[in-house]
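Asker: Pasting input.txt here (compact mmCIF, C-alpha atoms):
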# COMPACT_ATOMS: atom_id res chain seq x y z
CA MET M 901 305.06 -48.68 83.74
CA GLU M 902 307.25 -48.12 86.80
CA ARG M 903 306.10 -51.44 88.28
CA TYR M 904 307.29 -53.29 85.19
CA LEU M 905 310.71 -51.66 85.40
CA ILE M 906 311.00 -52.59 89.08
CA LEU M 907 309.90 -56.15 88.27
CA LEU M 908 312.37 -56.33 85.39
CA GLY M 909 315.17 -55.03 87.62
CA THR M 910 314.30 -57.53 90.34
CA LEU M 911 314.32 -60.40 87.85
CA CYS M 912 317.69 -59.30 86.50
CA VAL M 913 319.14 -59.22 90.02
CA LEU M 914 317.69 -62.63 90.85
CA ALA M 915 318.96 -64.09 87.58
CA GLY M 916 322.48 -63.37 88.81
CA CYS M 917 321.93 -65.59 91.83
CA GLY M 918 323.32 -69.10 91.38
CA ASP M 919 320.34 -71.05 92.69
CA PHE M 920 317.53 -69.02 91.15
CA ALA M 921 315.19 -71.37 89.27
CA GLY M 922 317.81 -74.15 89.29
CA LEU M 923 320.18 -72.24 87.03
CA GLY M 924 323.22 -72.84 89.23
CA ASP M 925 326.31 -74.76 88.25
CA PRO M 926 325.04 -77.88 86.45
CA TYR M 927 327.84 -79.99 87.93
CA SER M 928 326.96 -79.15 91.53
CA ARG M 929 323.27 -80.04 91.32
CA PRO M 930 322.10 -83.17 93.15
CA GLY M 931 321.83 -86.27 90.99
CA THR M 932 324.41 -85.06 88.47
CA PHE M 933 327.20 -87.40 87.37
CA ALA M 934 330.39 -86.51 89.21
CA LEU M 935 333.88 -87.78 88.52
CA THR M 936 335.55 -88.70 91.78
CA ALA M 937 338.97 -90.35 91.81
CA ILE M 938 338.54 -91.32 88.15
CA ASN M 939 342.29 -91.18 87.43
CA GLN M 940 343.08 -93.59 90.25
CA ASP M 941 340.31 -95.93 89.08
CA ASN M 942 341.66 -95.91 85.53
CA LEU M 943 345.17 -96.66 86.78
CA ARG M 944 343.91 -99.60 88.80
CA LEU M 945 342.07 -100.96 85.77
CA MET M 946 345.10 -100.61 83.50
CA ALA M 947 347.62 -102.17 85.88
CA VAL M 948 348.11 -105.83 85.09
CA ASN M 949 350.10 -106.39 88.25
CA PRO M 950 348.61 -104.43 91.19
CA GLY M 951 352.03 -104.43 92.86
CA ASP M 952 353.25 -102.08 90.11
CA LEU M 953 351.09 -99.35 91.62
CA GLN M 954 353.20 -99.48 94.80
CA GLU M 955 356.61 -99.85 93.15
CA GLY M 956 357.39 -99.77 89.45
CA ARG M 957 359.52 -102.15 87.41
CA GLY M 958 362.41 -101.41 85.13
CA ALA M 959 362.23 -101.92 81.38
CA THR M 960 363.16 -105.39 80.18
CA GLY M 961 365.52 -105.94 77.26
CA SER M 962 367.81 -102.98 78.04
CA SER M 963 370.80 -102.83 80.33
CA GLY M 964 370.81 -99.04 80.41
CA TYR M 965 374.36 -98.65 79.05
CA ASP M 966 373.21 -96.67 76.00
CA SER M 967 371.16 -94.31 78.14
CA ALA M 968 373.98 -93.85 80.64
CA ALA M 969 376.42 -93.09 77.83
CA ALA M 970 374.06 -90.46 76.41
CA VAL M 971 373.72 -88.80 79.81
CA ALA M 972 377.49 -88.83 80.25
CA ARG M 973 377.95 -87.14 76.84
CA LEU M 974 375.34 -84.55 77.76
CA ARG M 975 377.04 -83.76 81.06
CA SER M 976 380.49 -83.50 79.45
CA ASP M 977 379.11 -81.25 76.66
CA ASN M 978 380.09 -83.79 74.00
CA VAL M 979 376.64 -84.41 72.46
CA LYS M 980 376.47 -86.22 69.13
CA THR M 981 374.86 -84.30 66.26
CA LEU M 982 371.72 -85.69 64.71
CA PRO M 983 372.07 -87.23 61.24
CA ASP M 984 370.73 -85.27 58.27
CA SER M 985 367.22 -86.49 57.56
CA ALA M 986 367.33 -85.35 53.91
CA LEU M 987 364.02 -83.55 54.35
CA ALA M 988 363.32 -79.98 53.33
CA LYS M 989 365.26 -77.46 55.34
CA ILE M 990 363.27 -75.22 57.66
CA GLY M 991 363.75 -71.46 57.45
CA GLY M 992 364.57 -70.93 53.77
CA THR M 993 365.84 -67.67 52.31
CA ALA M 994 363.56 -64.67 51.90
CA GLY M 995 363.78 -61.83 49.39
CA SER M 996 363.77 -58.16 50.25
CA GLY M 997 360.73 -56.79 52.02
CA GLY M 998 360.01 -60.11 53.72
CA GLN M 999 358.51 -61.68 50.58
CA ALA M 1000 359.62 -65.22 49.81
CA SER M 1001 361.61 -65.59 46.60
CA GLY M 1002 360.20 -67.61 43.73
CA GLY M 1003 356.60 -66.46 44.22
CA ALA M 1004 354.17 -65.22 41.57
CA GLY M 1005 355.63 -61.71 41.60
CA ALA M 1006 359.30 -62.70 41.54
CA SER M 1007 361.44 -61.63 38.58
CA GLN M 1008 363.40 -64.34 36.82
Represent the supplied structure as structure tokens.
Answerer:
Amino acid sequence: MERYLILLGTLCVLAGCGDFAGLGDPYSRPGTFALTAINQDNLRLMAVNPGDLQEGRGATGSSGYDSAAAVARLRSDNVKTLPDSALAKIGGTAGSGGQASGGAGASQ
């Protein structure tokens, strides 16, 4: 009986080792698919003009005046308010005790 406990203890210790019976990290085993420089490869495939990878281009169809005016308003603390979207207001009123008014138990 003592031999079986020693064997069981030895197996438990060996099971904690990374390379015991090939149970190590599945991504570090030989022959496993590995992603190397995949982001750079995807960027190269998506770029129509390879020169854009070295130096970008500005957006066409915009002079930048609207953006510059918005930044100027932000810096001078004169930001325009957003228009009302006519959607439901967030953060409605709540009754006493934290229960929302108009529920099944509300008195009318």
Asker: When you draw a straight line from CA of Ile938 (chain M) to CA of Pro950 (chain M), how long is it in Å?
Answerer: 16.8 Å
Asker: Report, in Å with one decimal, the straight-line distance from CA of Ala969 (chain M) to CA of Pro983 (chain M).
Answerer: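 Spanning CA of Ala969 (chain M) to CA of Pro983 (chain M) is a straight-line distance of 18.1 Å.
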Asker: When you draw a straight line from CA of Ser967 (chain M) to CA of Thr981 (chain M), how long is it in Å?
Answerer: 16.0 Å
